[in-house]
>>> print(open('start_34.csv').read())   # CSV, C-alpha atoms
chain,number,residue,atom,x,y,z
B,151,MET,CA,0.0,0.0,0.0
B,152,ASN,CA,1.4,3.4,-0.9
B,153,ALA,CA,1.9,6.2,1.6
B,154,MET,CA,-1.0,8.2,0.2
B,155,ASP,CA,-3.4,5.3,0.6
B,156,GLU,CA,-2.2,4.6,4.1
B,157,ARG,CA,-2.8,8.3,5.1
B,158,ILE,CA,-6.3,8.0,3.8
B,159,VAL,CA,-6.9,4.7,5.7
B,160,ARG,CA,-5.6,6.2,9.0
B,161,ALA,CA,-7.7,9.4,8.5
B,162,THR,CA,-11.0,7.5,7.9
B,163,GLN,CA,-10.8,4.1,9.6
B,164,ALA,CA,-12.6,5.5,12.7
B,165,GLY,CA,-15.2,7.2,10.4
B,166,LEU,CA,-15.9,10.1,8.2
B,167,PRO,CA,-16.6,13.5,9.8
B,168,LEU,CA,-20.3,14.3,9.8
B,169,VAL,CA,-20.1,17.7,8.0
B,170,ALA,CA,-21.5,19.0,4.8
B,171,GLU,CA,-18.2,18.4,2.9
B,172,PRO,CA,-16.7,15.3,4.6
B,173,TRP,CA,-14.3,14.5,1.7
B,174,ARG,CA,-12.9,18.1,1.8
B,175,ALA,CA,-12.3,17.6,5.5
B,176,VAL,CA,-10.4,14.3,4.8
B,177,ALA,CA,-8.5,16.1,2.0
B,178,GLU,CA,-7.4,18.8,4.4
B,179,THR,CA,-6.4,16.3,7.2
B,180,THR,CA,-4.3,14.2,4.8
B,181,GLY,CA,-3.0,17.0,2.6
B,182,ILE,CA,-4.2,15.2,-0.5
B,183,PRO,CA,-6.2,17.3,-3.0
B,184,GLN,CA,-9.8,16.3,-3.1
B,185,ALA,CA,-9.8,15.2,-6.8
B,186,GLN,CA,-6.8,12.9,-6.1
B,187,LEU,CA,-8.5,11.7,-2.9
B,188,PHE,CA,-11.6,10.6,-5.0
B,189,ASP,CA,-9.3,8.8,-7.4
B,190,ARG,CA,-7.5,6.9,-4.5
B,191,VAL,CA,-10.8,6.0,-2.8
B,192,GLU,CA,-12.3,4.8,-6.1
B,193,ALA,CA,-9.2,2.6,-6.6
B,194,MET,CA,-9.5,1.1,-3.2
B,195,LEU,CA,-13.2,0.4,-3.8
B,196,ALA,CA,-12.3,-1.2,-7.1
B,197,ASP,CA,-9.7,-3.5,-5.7
B,198,GLY,CA,-11.7,-4.4,-2.6
B,199,ARG,CA,-9.6,-2.7,0.0
B,200,ILE,CA,-12.7,-0.7,0.8
B,201,ARG,CA,-15.7,-3.0,0.9
B,202,ARG,CA,-18.3,-0.2,0.9
B,203,ILE,CA,-18.8,3.3,2.3
B,204,GLY,CA,-21.7,4.1,4.6
B,205,ALA,CA,-23.4,3.3,7.8
B,206,VAL,CA,-22.7,0.3,9.9
B,207,PRO,CA,-25.8,-0.7,11.9
B,208,ASN,CA,-25.6,-2.3,15.3
B,209,HIS,CA,-27.3,-5.7,14.9
B,210,TYR,CA,-28.7,-5.6,18.4
B,211,ALA,CA,-30.1,-2.1,18.0
B,212,LEU,CA,-32.0,-3.3,14.9
B,213,GLY,CA,-33.5,-6.2,16.9
B,214,TYR,CA,-31.2,-8.9,15.5
B,215,THR,CA,-30.4,-10.5,18.8
B,216,ALA,CA,-30.3,-14.2,17.7
B,217,ASN,CA,-27.0,-14.4,15.8
B,218,GLY,CA,-25.8,-17.9,15.0
B,219,MET,CA,-22.6,-19.1,13.3
B,220,SER,CA,-23.9,-22.0,11.2
B,221,VAL,CA,-21.2,-24.5,10.1
B,222,TRP,CA,-21.6,-27.1,7.3
B,223,ASP,CA,-19.7,-30.1,6.0
B,224,VAL,CA,-20.3,-29.8,2.3
B,225,ALA,CA,-18.7,-32.0,-0.4
B,226,ASP,CA,-15.5,-30.3,-1.7
B,227,ASP,CA,-16.6,-30.4,-5.4
B,228,ALA,CA,-19.8,-28.6,-4.6
B,229,VAL,CA,-18.8,-26.1,-1.9
B,230,ASP,CA,-17.9,-23.2,-4.1
B,231,GLU,CA,-21.0,-23.2,-6.2
B,232,LEU,CA,-23.3,-23.7,-3.1
B,233,GLY,CA,-21.3,-21.3,-1.0
B,234,ALA,CA,-21.9,-18.5,-3.4
B,235,ARG,CA,-25.7,-19.1,-3.2
B,236,VAL,CA,-25.6,-19.2,0.6
B,237,GLY,CA,-23.6,-15.9,0.6
B,238,ALA,CA,-26.3,-14.3,-1.6
B,239,LEU,CA,-29.1,-15.0,1.0
B,240,PRO,CA,-30.3,-11.7,2.5
B,241,PHE,CA,-29.9,-12.9,6.1
B,242,VAL,CA,-26.4,-14.2,5.7
B,243,THR,CA,-23.8,-11.5,6.4
B,244,HIS,CA,-20.6,-13.4,6.2
B,245,CYS,CA,-20.0,-16.7,4.3
B,246,TYR,CA,-16.6,-18.4,4.1
B,247,ARG,CA,-14.9,-21.6,3.1
B,248,ARG,CA,-12.4,-22.7,5.8
B,249,PRO,CA,-10.2,-25.8,6.1
B,250,ARG,CA,-11.4,-28.9,7.9
B,251,ARG,CA,-9.2,-30.0,10.8
B,252,LEU,CA,-10.0,-33.7,11.1
B,253,PRO,CA,-10.7,-35.5,13.3
B,254,HIS,CA,-11.6,-32.5,15.5
B,255,TRP,CA,-13.4,-30.2,13.0
B,256,ARG,CA,-15.3,-31.5,9.9
B,257,TYR,CA,-17.1,-28.3,8.8
B,258,ASN,CA,-15.7,-26.4,5.7
B,259,LEU,CA,-18.5,-23.8,5.2
B,260,PHE,CA,-19.3,-21.0,7.6
B,261,ALA,CA,-22.3,-18.7,7.4
B,262,MET,CA,-23.3,-16.0,9.9
B,263,VAL,CA,-27.0,-15.9,10.2
B,264,HIS,CA,-29.0,-13.1,11.8
B,265,GLY,CA,-32.5,-13.2,13.1
B,266,ARG,CA,-34.8,-11.3,15.5
B,267,SER,CA,-35.5,-14.4,17.5
B,268,ARG,CA,-34.0,-17.9,18.0
B,269,PRO,CA,-36.9,-19.5,16.0
B,270,GLU,CA,-36.5,-17.1,13.2
B,271,THR,CA,-32.7,-17.8,13.0
B,272,ASP,CA,-33.3,-21.5,13.3
B,273,ALA,CA,-35.8,-21.3,10.3
B,274,ARG,CA,-33.2,-19.4,8.3
B,275,VAL,CA,-30.5,-22.0,9.1
B,276,ALA,CA,-33.0,-24.7,7.9
B,277,GLU,CA,-33.4,-22.7,4.7
B,278,ILE,CA,-29.6,-22.9,4.2
B,279,GLY,CA,-29.8,-26.6,5.0
B,280,ALA,CA,-32.4,-27.2,2.2
B,281,LEU,CA,-30.2,-25.3,-0.3
B,282,LEU,CA,-27.1,-27.4,0.6
B,283,ALA,CA,-29.0,-30.7,0.9
B,284,PRO,CA,-27.6,-32.4,-2.2
B,285,ALA,CA,-24.0,-32.0,-1.0
B,286,LEU,CA,-24.5,-31.8,2.8
B,287,ARG,CA,-23.0,-34.4,5.2
B,288,ALA,CA,-23.4,-32.7,8.6
B,289,SER,CA,-24.1,-29.3,10.2
B,290,ASP,CA,-24.2,-27.4,13.4
B,291,VAL,CA,-25.1,-23.9,14.7
B,292,LEU,CA,-23.0,-22.1,17.4
B,293,TYR,CA,-24.8,-19.3,19.2
B,294,SER,CA,-22.7,-16.8,21.0
B,295,THR,CA,-23.4,-16.7,24.7
B,296,ARG,CA,-20.9,-13.8,25.6
B,297,ILE,CA,-18.7,-11.3,24.0
B,298,LEU,CA,-15.3,-11.8,25.7
B,299,LYS,CA,-13.5,-9.1,23.7
B,300,LYS,CA,-14.4,-6.8,20.9
B,301,THR,CA,-12.0,-4.2,19.5
B,302,GLY,CA,-12.0,-3.0,15.9
B,303,MET,CA,-9.3,-4.1,13.6
B,304,ARG,CA,-7.2,-1.0,13.0
B,305,LEU,CA,-3.9,-0.1,11.6
B,306,ALA,CA,-1.6,0.2,14.5
Y,281,MET,CA,-37.2,3.7,14.9
Y,282,ASP,CA,-38.6,6.5,12.8
Y,283,GLU,CA,-39.1,6.6,9.0
Y,284,LEU,CA,-35.9,8.5,8.3
Y,285,GLU,CA,-33.8,6.1,10.5
Y,286,ARG,CA,-35.3,3.2,8.6
Y,287,LYS,CA,-34.5,4.9,5.2
Y,288,VAL,CA,-30.9,5.7,6.4
Y,289,ILE,CA,-30.3,2.0,7.3
Y,290,ASN,CA,-31.9,0.6,4.2
Y,291,ARG,CA,-30.2,3.1,1.8
Y,292,LEU,CA,-26.8,3.9,3.4
Y,293,GLN,CA,-25.1,0.6,4.2
Y,294,GLY,CA,-23.0,1.3,1.2
Y,295,GLY,CA,-22.9,3.6,-1.8
Y,296,PHE,CA,-22.1,6.8,0.0
Y,297,PRO,CA,-21.1,9.1,-2.9
Y,298,LEU,CA,-17.7,10.6,-3.7
Y,299,CYS,CA,-18.7,14.2,-4.4
Y,300,GLU,CA,-18.5,17.7,-2.9
Y,301,ARG,CA,-21.8,17.5,-1.0
Y,302,PRO,CA,-22.5,13.7,-0.5
Y,303,PHE,CA,-25.0,14.2,2.3
Y,304,ALA,CA,-27.0,16.6,0.2
Y,305,ALA,CA,-27.1,14.1,-2.6
Y,306,VAL,CA,-28.3,11.3,-0.4
Y,307,ALA,CA,-30.8,13.6,1.4
Y,308,ARG,CA,-32.4,14.4,-1.9
Y,309,GLU,CA,-32.8,10.7,-2.6
Y,310,LEU,CA,-34.4,10.1,0.8
Y,311,GLY,CA,-36.7,13.1,0.5
Y,312,THR,CA,-35.0,15.1,3.3
Y,313,ASP,CA,-32.3,17.8,3.5
Y,314,GLU,CA,-28.6,17.8,4.2
Y,315,VAL,CA,-28.8,19.3,7.7
Y,316,THR,CA,-31.6,16.9,8.8
Y,317,LEU,CA,-29.7,13.9,7.5
Y,318,ILE,CA,-26.4,14.8,9.2
Y,319,ALA,CA,-28.2,15.5,12.5
Y,320,LYS,CA,-30.0,12.1,12.1
Y,321,LEU,CA,-26.7,10.3,11.5
Y,322,LYS,CA,-25.1,11.9,14.6
Y,323,ALA,CA,-28.1,11.0,16.7
Y,324,MET,CA,-28.0,7.4,15.5
Y,325,LEU,CA,-24.3,7.1,16.2
Y,326,GLU,CA,-24.8,8.5,19.7
Y,327,ALA,CA,-27.7,6.2,20.4
Y,328,GLY,CA,-25.7,3.2,19.2
Y,329,THR,CA,-28.1,2.3,16.4
Y,330,LEU,CA,-25.1,2.8,14.1
Y,331,THR,CA,-21.6,1.7,15.2
Y,332,ARG,CA,-19.8,3.8,12.7
Y,333,PHE,CA,-20.1,5.8,9.5
Y,334,GLY,CA,-17.5,5.8,6.8
Y,335,PRO,CA,-15.4,3.5,4.6
Y,336,MET,CA,-15.4,-0.1,5.7
Y,337,TYR,CA,-11.9,-1.5,5.0
Y,338,ASP,CA,-11.0,-5.1,4.3
Y,339,ALA,CA,-8.1,-5.4,6.7
Y,340,GLU,CA,-6.8,-8.5,4.9
Y,341,ARG,CA,-6.6,-6.7,1.6
Y,342,LEU,CA,-4.9,-3.8,3.2
Y,343,GLY,CA,-2.0,-6.2,3.9
Y,344,GLY,CA,-2.7,-7.9,7.2
Y,345,ALA,CA,-3.3,-11.5,7.9
Y,346,PHE,CA,-6.2,-13.0,9.8
Y,347,THR,CA,-7.5,-16.3,11.0
Y,348,LEU,CA,-10.4,-17.6,13.0
Y,349,CYS,CA,-9.3,-19.7,16.0
Y,350,ALA,CA,-11.3,-22.1,18.1
Y,351,MET,CA,-10.5,-23.7,21.5
Y,352,SER,CA,-12.3,-26.2,23.7
Y,353,VAL,CA,-11.8,-25.0,27.3
Y,354,PRO,CA,-13.2,-26.8,30.4
Y,355,GLU,CA,-15.6,-24.5,32.2
Y,356,PRO,CA,-13.5,-24.2,35.5
Y,357,ASP,CA,-10.5,-22.9,33.5
Y,358,PHE,CA,-12.5,-20.7,31.1
Y,359,GLU,CA,-12.0,-17.3,32.7
Y,360,ARG,CA,-8.2,-17.8,33.1
Y,361,VAL,CA,-7.9,-18.9,29.4
Y,362,ALA,CA,-10.0,-16.0,28.2
Y,363,ALA,CA,-7.8,-13.5,30.1
Y,364,ARG,CA,-4.6,-15.0,28.6
Y,365,VAL,CA,-6.1,-15.0,25.1
Y,366,ASN,CA,-7.5,-11.5,25.4
Y,367,ALA,CA,-4.2,-10.1,26.7
Y,368,HIS,CA,-2.8,-10.5,23.1
Y,369,ALA,CA,-3.3,-7.2,21.2
Y,370,GLU,CA,-3.6,-9.4,18.0
Y,371,VAL,CA,-6.9,-10.8,19.3
Y,372,ALA,CA,-9.5,-8.6,17.6
Y,373,HIS,CA,-12.6,-10.2,19.0
Y,374,ASN,CA,-13.4,-13.2,21.1
Y,375,TYR,CA,-16.8,-14.9,21.7
Y,376,GLU,CA,-18.0,-17.5,24.0
Y,377,ARG,CA,-20.2,-20.0,22.1
Y,378,ALA,CA,-22.4,-22.8,23.2
Y,379,HIS,CA,-20.5,-25.8,21.8
Y,380,HIS,CA,-17.7,-28.3,22.6
Y,381,PHE,CA,-15.5,-25.6,21.0
Y,382,ASN,CA,-16.6,-22.8,23.3
Y,383,MET,CA,-14.1,-20.0,22.6
Y,384,TRP,CA,-13.8,-18.4,19.2
Y,385,PHE,CA,-11.5,-15.5,18.4
Y,386,VAL,CA,-10.0,-13.7,15.4
Y,387,LEU,CA,-6.3,-13.1,15.2
Y,388,ALA,CA,-5.1,-10.1,13.2
Y,389,ALA,CA,-1.4,-9.9,12.5
Y,390,ALA,CA,0.9,-8.1,10.1
Y,391,SER,CA,1.6,-11.2,8.0
Y,392,ARG,CA,0.7,-14.8,7.6
Y,393,GLU,CA,4.1,-15.7,9.0
Y,394,ALA,CA,3.3,-14.0,12.3
Y,395,ILE,CA,0.2,-16.1,12.9
Y,396,ALA,CA,1.8,-19.5,13.6
Y,397,PRO,CA,4.1,-18.2,16.5
Y,398,LEU,CA,1.1,-16.4,18.0
Y,399,ILE,CA,-0.9,-19.6,18.0
Y,400,ALA,CA,2.0,-21.5,19.5
Y,401,ALA,CA,2.3,-18.9,22.2
Y,402,ILE,CA,-1.4,-19.1,23.1
Y,403,GLU,CA,-1.2,-22.9,23.2
Y,404,ALA,CA,1.8,-22.8,25.5
Y,405,GLU,CA,0.3,-20.2,27.8
Y,406,THR,CA,-3.1,-21.8,28.1
Y,407,GLY,CA,-2.2,-25.5,27.8
Y,408,TYR,CA,-4.9,-26.1,25.2
Y,409,PRO,CA,-4.7,-26.7,21.5
Y,410,VAL,CA,-6.0,-24.1,19.1
Y,411,LEU,CA,-7.8,-24.8,15.8
Y,412,ASP,CA,-6.5,-22.5,13.1
Y,413,LEU,CA,-9.3,-21.9,10.5
Y,414,PRO,CA,-8.2,-19.2,8.0
Y,415,ARG,CA,-10.7,-18.2,5.4
Y,416,GLU,CA,-9.9,-19.9,2.1
Y,417,GLN,CA,-12.7,-18.4,0.1
Y,418,GLU,CA,-15.2,-15.7,0.7
Y,419,TYR,CA,-18.8,-16.0,-0.5
Y,420,PHE,CA,-19.7,-12.5,0.5
Y,421,ILE,CA,-22.2,-10.4,-1.3
Y,422,GLU,CA,-23.0,-7.5,0.9
Y,423,LEU,CA,-23.8,-6.9,4.6
Y,424,ARG,CA,-27.2,-5.4,4.4
Y,425,LEU,CA,-29.5,-5.8,7.3
Y,426,VAL,CA,-33.1,-4.7,6.8
Y,427,ALA,CA,-34.5,-2.2,9.3
>>> encode(input="start_34.csv", output="structure tokens")
Amino acid sequence: MNAMDERIVRATQAGLPLVAEPWRAVAETTGIPQAQLFDRVEAMLADGRIRRIGAVPNHYALGYTANGMSVWDVADDAVDELGARVGALPFVTHCYRRPRRLPHWRYNLFAMVHGRSRPETDARVAEIGALLAPALRASDVLYSTRILKKTGMRLA
Amino acid sequence: MDELERKVINRLQGGFPLCERPFAAVARELGTDEVTLIAKLKAMLEAGTLTRFGPMYDAERLGGAFTLCAMSVPEPDFERVAARVNAHAEVAHNYERAHHFNMWFVLAAASREAIAPLIAAIEAETGYPVLDLPREQEYFIELRLVA
């Protein structure tokens, strides 16, 4: 990452200033002219370093209190095609393929499922199960019972 | 939650424009004005309805390395192990989950090479093995919760 991009990340990773011209404020903080700042931010959006720009809602404040990590043992030759379909479901916020660690851990597909109640989340997990059924060997859902630590991931 | 808050959440989880007056542009779309929208966003951040507003960075693509770790810790030893794990600055978040593997945390380090020694240190300090489950593929469309 070049020095200019790093300045932009550091200036905005905690958030944009809520003023009428937020990008001008970032341009002034970083000493990067606004037109060039737009180019760099566009480039970071294009290559995925910036996922998106906007508001991050608090799940709990929106009533999404039943958040389960669903894990699935899906046949290797089907996991990529089916994983993409699971990731596209509106109630799935993160969906990843991860390695199995046999004999301790058999699940290779992870999908975070959000719901406003345990039954709603369970029903959504069942929907994923139906979608994966042709290639599914086993599954489980892990509900979080306590946050032990939560700090943002920041550049040091 | 009022109508404008609902609109903000459903419209603004992405796509904040790169232009001179982005709040004015979004306000027009939402049928409000710049001053009202900015005040609403400030109020939602203060109330905790929003956790932040701005670019969401993909830390891995910025050059870091990440992995999801799982441990199975007997209940009587759980608090001690949680404290040892959390003492590492590289532990970004850590959740207790109802499962045989009852502790799940994310490690964030400068490089992939820095992950293995960190895991070895946590195993040595706690006395329990750590499952290292890095993401191999992401099937991620967009995080969009509906208000």
>>> atom_distance(input="start_34.csv", atom1="CA of Tyr246 (chain B)", atom2="CA of Phe420 (chain Y)")
7.6 Å
>>> residues_around(input="start_34.csv", residues="Asn374 (chain Y)", least_positions_apart="5", cutoff="12 Å", atoms="all atoms listed in the file", output="JSON, numbers by chain")
{"B": [294, 295, 296, 297, 298, 299, 300, 301, 302], "Y": [348, 349, 350, 351, 361, 362, 363, 364, 365, 366, 367, 368, 369, 382, 383, 384, 385, 386, 387, 388]}
>>> closest_residue(input="start_34.csv", among="Y:Pro297, Y:Pro335, Y:Gly344, Y:Gly311", to="chain B", atoms="all atoms listed in the file")
Y:Pro335
>>> atom_distance(input="start_34.csv", atom1="CA of Leu284 (chain Y)", atom2="CA of His244 (chain B)")
26.8 Å
>>> interface_residues(input="start_34.csv", of="chain Y", to="chain B", cutoff="7 Å", atoms="all atoms listed in the file", output="ChimeraX atom specification")
/Y:289,292-296,298,300-301,303,318,328-338,341-342,366,372-379,413-423,427
>>> residues_around(input="start_34.csv", residues="region 270-285 of chain B", least_positions_apart="3", cutoff="6 Å", atoms="only C-alpha atoms", output="VMD selection string")
chain B and resid 224 to 225 265 267
>>> atom_distance(input="start_34.csv", atom1="CA of Gly181 (chain B)", atom2="CA of Ala161 (chain B)")
10.7 Å
>>> closest_residue(input="start_34.csv", among="Y:Ala404, Y:Ala345, Y:Val288, Y:Ala396", to="Lys322 (chain Y)", atoms="all atoms listed in the file")
Y:Val288
>>> residues_around(input="start_34.csv", residues="Gly407 (chain Y)", least_positions_apart="2", cutoff="12 Å", atoms="only C-alpha atoms", output="NGL selection string")
:Y and (351-354 or 357-358 or 360-361 or 364-365 or 399-405 or 409-410)
